[in-house]
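Novice: Next up is a structure, given as structure tokens.
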Amino acid sequence: FGQDGDFDGYPIHFYMCGDVSPGTTVEKNTIRNSNDGCVVLTGTNGLTVDQNVAYYTHGHCFILRTGSENNNVISNNIGVRTRDYGSATYYFTSVTNVVRGNVAAGSKSHGFYIKMSSSVKSPSKDDWPGYKPNEQAVVEFDGNYAHSNEDYGFRMEYYRPSERVYFTNIVSFRNKDEGIYMRDNYNIGFDGGILADNERGIKINRGDNTHITNFSIMGVSEEFGQLVEEGGATEKHCGKRRIVGIELFPFMYWEDKFETGLYLENTEFTGFANMAGCDIHAFYFDDEKEWHHFDWATRMKNISLEDTINNFEFCSAADDGHKDVVLTDLDSSMQPSGSSYSGVSSIVSNEHYMTDFADCVKTPSMCSAYCNSCYRTLTTKVDPAETEDYKLQVCDKISSVCVQIPGLFDDSSTPVKNTDSERLRMFAASLPAGSYEATYLDGNGNTVWPTFVEEIYEEEQCQPSFSETDIEIQVPDLSPGECNDIIKNGGAEASNTHHTHWLHRDGGVQVVQGQGIDNSNALADITQSDGGDAISQYLDTRCLVAGSRYEIRAWVKLIKNGQVYLCDESNESCPEVGIYTRSLHSNGLKMKSWYQEPIAKTSFHFDAPDYQLIHGVFTITEDIANAQSALFYIERNKKGYEMFVDNVSMTLLSDDCSDVIVNGDFASGIAEHWSEYSGDMSVVEGVGGSNDYALSVFDGTSVQYLNSGCFVEGNTYKITARFQLKDATNSLMDCGSKCPRIDLKNSIDGEEDIYKTVGRTYMAQDSDGWGRIEGYYIATSRDANPESTIRFRFTNFNSDQYLIVDDVSLVDHPAQCDGNLVLNSGIDGGFGDLWDEYGTGTFVRGYVDPSTGDAALKYDGPRTRTWHGIEYESRYFSDLRCFEEGNYEVNVDVRLLYSNGTGVVCDKYSTSSSVKCPSVKVYMYDEVGEPNNERRVDAHLYNGAYASDWDAENFNHLKGFFTIPPSATGSPSKIVSAYIMVRDYNKEYDLVIDNFSVSRASATANPSASPSATPSASPTSSPSVSPSASPTS
């Protein structure tokens, strides 16, 4: 009856029966000497198992097997002497059933064992996808008895319902271990019951938000004690055992979910008087040592205790490192005899920093004190490196009483674990209500800053308690230059044996002599089991000011199979630097964390013997500035490779914005501040030859991230660079019709990226292949926004070409309001990129006019409209803010050519499209903007404005005037865009212009002659859009 070793060979087994209700019952059976279980339900619902008796059986006896069993009734059964160690008389994986009035007696292990799981087990698993048995609410568990079991009366594991549930009227007595044992549960309540004569009445191991109400807990009942004494078994019963009412767990396991560890109410403790030979306590502590801080918030109300000093034995907790225990007595019902406390009191560790601010009755022999105060705890976590002797001094601002709180650290026997960056040093200030000042002190009593401070105010357990503003942590002022380099011991030279200030994220960290640059010390990892291993250091949070820019440099050497390895960032994962930050979560109970990586990357060449440079420039964001801690780490990113690190620095960059581009001349021979945007980047010979350096990139481009703090809205900036192009054989190439340009990309989180071309090639390459890129750019409010990420990069060249750049610069170009407002009006160096065609002709940049030998701009016909021509846009004026209300003068030299290059004669007085001379058109828009067509200026400087008769063989000078009128609102003018065009001439001719200028004039002057007719219509929108009406041709 019940076959040992025969799968599913149970005496009574309902296997995958589904719903068998109503009326299906297993009732009044006797099962004895079974070799495998008793009554088993697998995937069966609605069954009643009632009034059955099982005796002397192997394995679990009454079983709900898969977690899917629902709506069953297990009632009034009795199981006696379940025989196997580890087995339970009642073994349940589901709580959505009625379990009532059952008895478990004399089991080799457990009476009742509720073992929950987050999923249904086979063979029912496929029928219950997504169902989580451990989150379901218990239907009923009431009036069940467990006694005389060799391990636990009731055992519960991994039950985590979303709302608190209750198990009621449990009776558990004379079990060798626990009456109730709980592990890894939460939201569990026990209401009503009796626990007696167990080694521990209740042991809670990782059980946050546990409620126990209306219980009677007896250490040694009068009847049992008498039997023990009469039988002469006192020494056997007590000699090696500790009898405990409730064993408390020391720390919150799910600290982000709950404010309470244990709530205990309406409970009577008896039988805890000091019996001869017995170590007996109403409350005791689990010996868990993961953390030395006690934060398992425990609140009690209406508790009845025998008057014995053994009730609060805290010495065991102190021996395990827990010297900051606080238990809250909400109604002072547990106060010592002879005291007259009222309101809230607390039982605390008998340490001076726990009792000096309160009225306490101390019991030194028990390491505890009873204080008539409500306590709350502020825990702070700090850098574990080099803070071993630090203390937190807390002073009452009113009384000036001070205490010094020692640091807590989870000291492991493994050095690698002790230096893991996740293991922080902790200080716990458990204090009554008041106003306090807190200061960190070193071993000599000097005020110090422990690199960072993470603050967590534990939940209020009672009132009155201190608030988040009642403790002021003193932050020492920085010394001058203290943030110039915030990496400490970057060269690993502080010690030949200890990695001072350095920690690790897995993999370990050590100092190795002779492996650094020039045979110096280096930092090294210990193991290489994971590519995510990192050598790390916490940063001084006082230096992390939003908007500050830091340059990161670290030299790294990789070893694979005893050989130095050169890592190619463009094709594989290489060592990089990141920052890991932590801040207090919005619920105030736990830290939230995030990574920002990479902030520095490995360059693809050896910058020192066997070492590659990791380099980057990083701007401190608001999130990082507001973080409570920031961990700098160098991640290997290569599993199985040894990593050596030397000369690490994170230096504060100055606010010098004389050139926004950093390292634009590559004078050091290192590509620092530049990074690949895909492709292969290296340093090569520069413009100056063998003693000069330039940056080469292939199959990608090079970028630099700019300091937005250098940009001022409305200012104009000049961009310049030299360049070469080479093919795969290292031969020079001419860019031809596709020449390099410079783009800016402005990015802000949550907004659309903005791209702008700010520099174009303007001068032909010289005999050494060096050409020039130049451009002008007016900064916007977004460019000056500290939240902007601005990327400067080279574009518009073929991926099979090597682009080599040198002398890269981006500098402020001062406004020239007193002179010519047109940049490079003489087309110096052939640079015509500030101009563009408007219409259908062909624009020729870099043209040299034979009549003067100077560079000029040429716009070749034929065109489809006479009003197509050459246009100068607002973004290239030296400063649009120069355009205020008043008069302005325009000058330009003009020629017309036939397609064969010979000069053309035109009639400066004619309006005929076939013979008239070019004229100038001016459009300007005010701050309302173009979408509303709010033109402030619409002026036409006609062909009659030429200074003399037309000369076909030379340039002809046109001079005219326009006026910016007052604003219609009377407020000062604010021109936001402007366009000036040279146009209106024979469609077949070529146009050449030079020496174009716009400047302030003292008075308005009219053209010397006006045309006899004007075009039939003027454009109604800006020159960048075709007019709605055009000249008839």
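Chain labels run A, B, ... following the order of the structure tokens; each chain numbers its residues from 1, and ligands are numbered from 1 in the order shown.
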Do you know which residues are at most 8 Å from Ser421 of chain A counting only C-alpha atoms, after dropping those on the same chain fewer than 2 positions away, and could you put them as a PyMOL selection string?
Specialist: chain A and resi 384+419+423-424+503-505+536-537
Novice: Would you pick out the contacts of Glu150 of chain A at 8 Å or less, using only C-alpha atoms, so that residues sharing its chain but fewer than 6 positions from it are not included, and give the list as a ChimeraX atom specification?
Specialist: /A:106-110,175-177
Novice: Identify all residues of segment 67-202 of chain A in helix (DSSP H, G or I) (DSSP on the backbone) and supply them as a VMD selection string.
Specialist: chain A and resid 125 to 127 133 to 135
Novice: Restricted to C-alpha atoms, what would the selected residues look like written as a JSON list (two decimals), in the first residue's frame?
Specialist:
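And here's out.json as it stands now:
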```
[["chain", "number", "residue", "atom", "x", "y", "z"],
["A", 125, "LYS", "CA", 2.47, 23.31, -15.69],
["A", 126, "ASP", "CA", 1.23, 23.60, -19.28],
["A", 127, "ASP", "CA", -2.37, 24.04, -18.14],
["A", 133, "PRO", "CA", 0.85, 30.01, -6.70],
["A", 134, "ASN", "CA", 3.03, 31.97, -4.25],
["A", 135, "GLU", "CA", 1.07, 35.18, -4.89]]
```
Novice: Find the distance between atom CA of Cys374 of chain A and atom CA of Thr213 of chain A and write it in Å to one decimal.
Specialist: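 Between atom CA of Cys374 of chain A and atom CA of Thr213 of chain A the gap is 21.9 Å.
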Novice: Quick one: residues within 12 Å of Cys315 of chain A, only C-alpha atoms counted, chain neighbours fewer than 4 positions away excluded, as an MDAnalysis selection string?
Specialist: chainID A and resid 281 283:287 310:311 319:325 348:351 363:369
Novice: Excluding Asp656 of chain A and residues on its chain fewer than 6 positions from it, collect all residues at most 12 Å away from it, counting only C-alpha atoms, and give them as a list in words.
Specialist: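 Listing them by chain and then by number gives Arg549, Val662, Asn707, Gly709, Cys710, Phe711, Val811 and Asp812 of chain A.
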Novice: Please extract the residues of segment 40-97 of chain A with a backbone DSSP assignment of strand (DSSP E or B) and present them as a ChimeraX atom specification.
Specialist: /A:40-45,48-50,53-55,62-64,73-75,78-80,88-92
Novice: For the residues selected in the previous step, produce a file with C-alpha atoms as a PDB file, in the first residue's frame.
Specialist:
```pdb
ATOM      1  CA  VAL A  40      -2.023  12.889  -2.948  1.00  0.00           C
ATOM      2  CA  LEU A  41      -3.739  15.467  -5.163  1.00  0.00           C
ATOM      3  CA  THR A  42      -2.102  16.246  -8.523  1.00  0.00           C
ATOM      4  CA  GLY A  43      -3.921  18.731 -10.741  1.00  0.00           C
ATOM      5  CA  THR A  44      -7.188  18.024  -8.945  1.00  0.00           C
ATOM      6  CA  ASN A  45      -9.732  20.544  -7.645  1.00  0.00           C
ATOM      7  CA  THR A  48     -12.770  16.776   0.117  1.00  0.00           C
ATOM      8  CA  VAL A  49     -10.219  14.837   2.198  1.00  0.00           C
ATOM      9  CA  ASP A  50     -11.748  14.417   5.649  1.00  0.00           C
ATOM     10  CA  VAL A  53      -5.793   8.626   9.690  1.00  0.00           C
ATOM     11  CA  ALA A  54      -2.218   7.969   8.550  1.00  0.00           C
ATOM     12  CA  TYR A  55       0.377   6.229  10.704  1.00  0.00           C
ATOM     13  CA  PHE A  62      -1.061  14.444   2.653  1.00  0.00           C
ATOM     14  CA  ILE A  63       0.114  16.272  -0.495  1.00  0.00           C
ATOM     15  CA  LEU A  64      -1.056  19.122  -2.743  1.00  0.00           C
ATOM     16  CA  VAL A  73     -11.016  20.781   1.570  1.00  0.00           C
ATOM     17  CA  ILE A  74      -8.410  19.096   3.781  1.00  0.00           C
ATOM     18  CA  SER A  75     -10.070  18.730   7.167  1.00  0.00           C
ATOM     19  CA  ILE A  78      -4.497  13.092  11.570  1.00  0.00           C
ATOM     20  CA  GLY A  79      -1.024  12.002  10.575  1.00  0.00           C
ATOM     21  CA  VAL A  80       1.271  10.339  13.092  1.00  0.00           C
ATOM     22  CA  ALA A  88       6.187  16.476   6.201  1.00  0.00           C
ATOM     23  CA  THR A  89       2.925  15.007   7.343  1.00  0.00           C
ATOM     24  CA  TYR A  90       1.138  17.753   5.346  1.00  0.00           C
ATOM     25  CA  TYR A  91       3.011  19.059   2.283  1.00  0.00           C
ATOM     26  CA  PHE A  92       1.226  21.814   0.349  1.00  0.00           C
TER      27      PHE A  92
END
```
Novice: As a ChimeraX atom specification, please: the residues near Thr328 of chain A (cut-off 7 Å, only C-alpha atoms, same-chain neighbours under 4 positions excluded).
Specialist: /A:298-300,345-347
Novice: Restrict the selected residues to C-alpha atoms and save them as a short mmCIF file (atom, residue, chain, number, x, y, z; two decimals), in the first residue's frame.
Specialist:
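Here's the written file result23.cif:
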```cif
data_model
loop_
_atom_site.label_atom_id
_atom_site.label_comp_id
_atom_site.auth_asym_id
_atom_site.auth_seq_id
_atom_site.Cartn_x
_atom_site.Cartn_y
_atom_site.Cartn_z
CA THR A 298 9.73 45.62 14.97
CA ARG A 299 6.67 47.16 16.62
CA MET A 300 4.76 45.72 19.56
CA SER A 345 9.05 53.44 24.44
CA SER A 346 11.85 51.49 22.79
CA ILE A 347 14.07 48.57 23.75
#
```
Novice: What separation in Å, quoted to one decimal, exists between atom CA of Tyr131 of chain A and atom CA of Phe190 of chain A?
Specialist: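 Computing the Euclidean distance for atom CA of Tyr131 of chain A and atom CA of Phe190 of chain A yields 25.2 Å.
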Novice: Can you tell me which residues surround Asn489 of chain A at a distance of at most 12 Å, considering only C-alpha atoms, apart from same-chain residues fewer than 6 positions away, and format the answer as an MDAnalysis selection string?
Specialist: chainID A and resid 385:386 495:496 498:503 511 521:523 536:537 645:650
Novice: Once you have the residues from the selection above, write them out as a compact mmCIF listing (two decimals), in the first residue's frame, restricted to N, CA and C atoms.
Specialist:
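In the end it all went to out17.txt:
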```
# COMPACT_ATOMS: atom_id res chain seq x y z
N ALA A 385 36.64 52.42 1.08
CA ALA A 385 38.09 52.49 0.93
C ALA A 385 38.68 53.57 1.84
N GLU A 386 39.64 53.17 2.66
CA GLU A 386 40.41 54.07 3.53
C GLU A 386 39.52 54.81 4.54
N SER A 495 51.26 52.62 -2.49
CA SER A 495 51.76 51.45 -1.79
C SER A 495 52.17 50.40 -2.81
N ASN A 496 53.17 49.60 -2.43
CA ASN A 496 53.56 48.50 -3.31
C ASN A 496 52.73 47.24 -3.07
N HIS A 498 49.21 47.56 -1.37
CA HIS A 498 47.79 47.83 -1.17
C HIS A 498 47.26 48.78 -2.24
N HIS A 499 46.12 48.47 -2.79
CA HIS A 499 45.49 49.25 -3.85
C HIS A 499 44.71 50.41 -3.24
N THR A 500 45.40 51.31 -2.60
CA THR A 500 44.78 52.42 -1.86
C THR A 500 43.75 53.15 -2.71
N HIS A 501 42.55 53.32 -2.16
CA HIS A 501 41.40 54.01 -2.77
C HIS A 501 40.73 53.23 -3.90
N TRP A 502 41.32 52.14 -4.35
CA TRP A 502 40.74 51.41 -5.48
C TRP A 502 39.95 50.19 -4.99
N LEU A 503 38.83 49.95 -5.65
CA LEU A 503 37.97 48.81 -5.39
C LEU A 503 37.78 48.04 -6.70
N VAL A 511 47.79 45.51 -6.62
CA VAL A 511 48.91 46.30 -7.11
C VAL A 511 50.00 45.35 -7.59
N ASN A 521 54.51 50.86 -10.77
CA ASN A 521 53.39 50.03 -10.31
C ASN A 521 52.21 50.17 -11.26
N ALA A 522 51.38 49.17 -11.25
CA ALA A 522 50.13 49.21 -12.01
C ALA A 522 49.05 48.53 -11.19
N LEU A 523 47.80 48.87 -11.49
CA LEU A 523 46.66 48.16 -10.93
C LEU A 523 46.32 47.00 -11.85
N SER A 536 37.64 49.94 -9.95
CA SER A 536 36.75 51.08 -9.72
C SER A 536 37.22 51.93 -8.54
N GLN A 537 36.65 53.14 -8.48
CA GLN A 537 36.92 54.07 -7.39
C GLN A 537 35.73 55.02 -7.26
N VAL A 645 46.30 48.57 -15.42
CA VAL A 645 45.88 49.96 -15.56
C VAL A 645 46.90 50.86 -14.86
N ASP A 646 47.23 51.99 -15.50
CA ASP A 646 48.20 52.91 -14.91
C ASP A 646 47.82 54.34 -15.26
N ASN A 647 48.30 55.27 -14.44
CA ASN A 647 48.18 56.71 -14.69
C ASN A 647 46.74 57.12 -15.04
N VAL A 648 45.85 56.82 -14.12
CA VAL A 648 44.43 57.17 -14.29
C VAL A 648 44.21 58.58 -13.76
N SER A 649 43.49 59.38 -14.51
CA SER A 649 43.19 60.74 -14.05
C SER A 649 41.82 61.15 -14.55
N MET A 650 41.19 62.04 -13.80
CA MET A 650 39.93 62.67 -14.20
C MET A 650 40.07 64.13 -13.82
```
Novice: Just the residues within 8 Å of Gly153 of chain A, please, counting only C-alpha atoms, with nothing from its chain fewer than 3 positions along; format it as a VMD selection string.
Specialist: chain A and resid 104 110 to 112 146 to 149 172 to 173 175 178 to 181
Novice: Could those residues be written to a file, using all heavy atoms, as a tab-separated table (two decimals), in the first residue's frame?
Specialist:
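Output below, filename again_4.tsv:
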```tsv
chain	number	residue	atom	x	y	z
A	104	ALA	N	-0.89	16.99	13.09
A	104	ALA	CA	0.36	16.33	12.69
A	104	ALA	C	1.15	16.08	13.96
A	104	ALA	O	1.47	17.02	14.70
A	104	ALA	CB	1.15	17.21	11.73
A	110	HIS	N	8.82	17.46	9.73
A	110	HIS	CA	7.87	18.56	9.82
A	110	HIS	C	6.44	18.05	10.00
A	110	HIS	O	6.07	17.01	9.45
A	110	HIS	CB	7.93	19.42	8.55
A	110	HIS	CG	9.31	19.70	8.07
A	110	HIS	ND1	10.32	20.14	8.90
A	110	HIS	CD2	9.86	19.62	6.83
A	110	HIS	CE1	11.43	20.31	8.19
A	110	HIS	NE2	11.18	19.98	6.94
A	111	GLY	N	5.68	18.88	10.70
A	111	GLY	CA	4.25	18.60	10.75
A	111	GLY	C	3.57	19.11	9.50
A	111	GLY	O	3.09	18.34	8.67
A	112	PHE	N	3.54	20.45	9.34
A	112	PHE	CA	2.97	21.09	8.14
A	112	PHE	C	4.09	21.81	7.40
A	112	PHE	O	4.86	22.56	8.02
A	112	PHE	CB	1.88	22.10	8.53
A	112	PHE	CG	0.65	21.48	9.11
A	112	PHE	CD1	0.61	21.10	10.44
A	112	PHE	CD2	-0.48	21.29	8.33
A	112	PHE	CE1	-0.52	20.54	10.99
A	112	PHE	CE2	-1.63	20.74	8.88
A	112	PHE	CZ	-1.65	20.36	10.22
A	146	ALA	N	0.01	20.92	15.55
A	146	ALA	CA	1.25	20.20	15.28
A	146	ALA	C	1.99	20.03	16.60
A	146	ALA	O	2.21	21.00	17.32
A	146	ALA	CB	2.10	20.97	14.28
A	147	HIS	N	2.38	18.80	16.90
A	147	HIS	CA	3.13	18.61	18.15
A	147	HIS	C	4.06	17.41	18.05
A	147	HIS	O	3.87	16.50	17.24
A	147	HIS	CB	2.17	18.43	19.35
A	147	HIS	CG	1.41	17.14	19.36
A	147	HIS	ND1	1.89	15.99	19.93
A	147	HIS	CD2	0.18	16.84	18.88
A	147	HIS	CE1	1.01	15.02	19.80
A	147	HIS	NE2	-0.05	15.51	19.16
A	148	SER	N	5.09	17.50	18.85
A	148	SER	CA	6.03	16.39	19.03
A	148	SER	C	6.77	16.03	17.76
A	148	SER	O	7.19	14.87	17.58
A	148	SER	CB	5.29	15.15	19.60
A	148	SER	OG	4.57	15.50	20.76
A	149	ASN	N	6.93	16.98	16.85
A	149	ASN	CA	7.69	16.74	15.62
A	149	ASN	C	9.16	17.06	15.86
A	149	ASN	O	9.51	17.97	16.63
A	149	ASN	CB	7.13	17.60	14.49
A	149	ASN	CG	5.68	17.27	14.21
A	149	ASN	OD1	5.35	16.21	13.70
A	149	ASN	ND2	4.78	18.19	14.58
A	172	SER	N	0.82	24.77	18.20
A	172	SER	CA	2.04	24.04	17.89
A	172	SER	C	2.86	23.91	19.18
A	172	SER	O	3.29	24.92	19.75
A	172	SER	CB	2.84	24.78	16.81
A	172	SER	OG	3.99	24.05	16.43
A	173	PHE	N	3.10	22.68	19.63
A	173	PHE	CA	3.76	22.53	20.91
A	173	PHE	C	4.66	21.29	20.91
A	173	PHE	O	4.46	20.33	20.17
A	173	PHE	CB	2.74	22.45	22.05
A	173	PHE	CG	1.74	21.33	21.94
A	173	PHE	CD1	1.95	20.13	22.61
A	173	PHE	CD2	0.59	21.49	21.19
A	173	PHE	CE1	1.03	19.09	22.52
A	173	PHE	CE2	-0.35	20.47	21.11
A	173	PHE	CZ	-0.13	19.25	21.77
A	175	ASN	N	7.55	20.70	19.84
A	175	ASN	CA	8.36	20.37	18.67
A	175	ASN	C	9.82	20.62	19.02
A	175	ASN	O	10.16	21.58	19.72
A	175	ASN	CB	7.94	21.21	17.48
A	175	ASN	CG	6.49	20.95	17.10
A	175	ASN	OD1	6.15	19.90	16.58
A	175	ASN	ND2	5.62	21.92	17.42
A	178	GLU	N	11.32	24.52	15.87
A	178	GLU	CA	10.39	25.65	15.90
A	178	GLU	C	8.93	25.21	15.91
A	178	GLU	O	8.56	24.24	15.22
A	178	GLU	CB	10.61	26.57	14.69
A	178	GLU	CG	11.80	27.48	14.83
A	178	GLU	CD	13.12	26.79	14.54
A	178	GLU	OE1	13.12	25.82	13.76
A	178	GLU	OE2	14.14	27.22	15.11
A	179	GLY	N	8.14	25.97	16.67
A	179	GLY	CA	6.69	25.79	16.54
A	179	GLY	C	6.24	26.28	15.17
A	179	GLY	O	5.45	25.62	14.49
A	180	ILE	N	6.72	27.48	14.77
A	180	ILE	CA	6.47	28.02	13.42
A	180	ILE	C	7.81	28.50	12.87
A	180	ILE	O	8.51	29.29	13.52
A	180	ILE	CB	5.48	29.20	13.46
A	180	ILE	CG1	4.12	28.75	13.99
A	180	ILE	CG2	5.34	29.81	12.06
A	180	ILE	CD1	3.12	29.89	14.16
A	181	TYR	N	8.14	28.03	11.70
A	181	TYR	CA	9.38	28.45	11.04
A	181	TYR	C	9.01	29.07	9.70
A	181	TYR	O	8.30	28.46	8.89
A	181	TYR	CB	10.32	27.27	10.82
A	181	TYR	CG	11.55	27.62	10.01
A	181	TYR	CD1	12.62	28.29	10.60
A	181	TYR	CD2	11.63	27.30	8.66
A	181	TYR	CE1	13.75	28.63	9.86
A	181	TYR	CE2	12.75	27.63	7.91
A	181	TYR	CZ	13.81	28.29	8.52
A	181	TYR	OH	14.91	28.64	7.78
```
Novice: Can you work out the spacing between atom CA of Val244 of chain A and atom CA of Thr355 of chain A in Å, to one decimal?
Specialist: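 One can read the atom CA of Val244 of chain A to atom CA of Thr355 of chain A distance as 25.8 Å.
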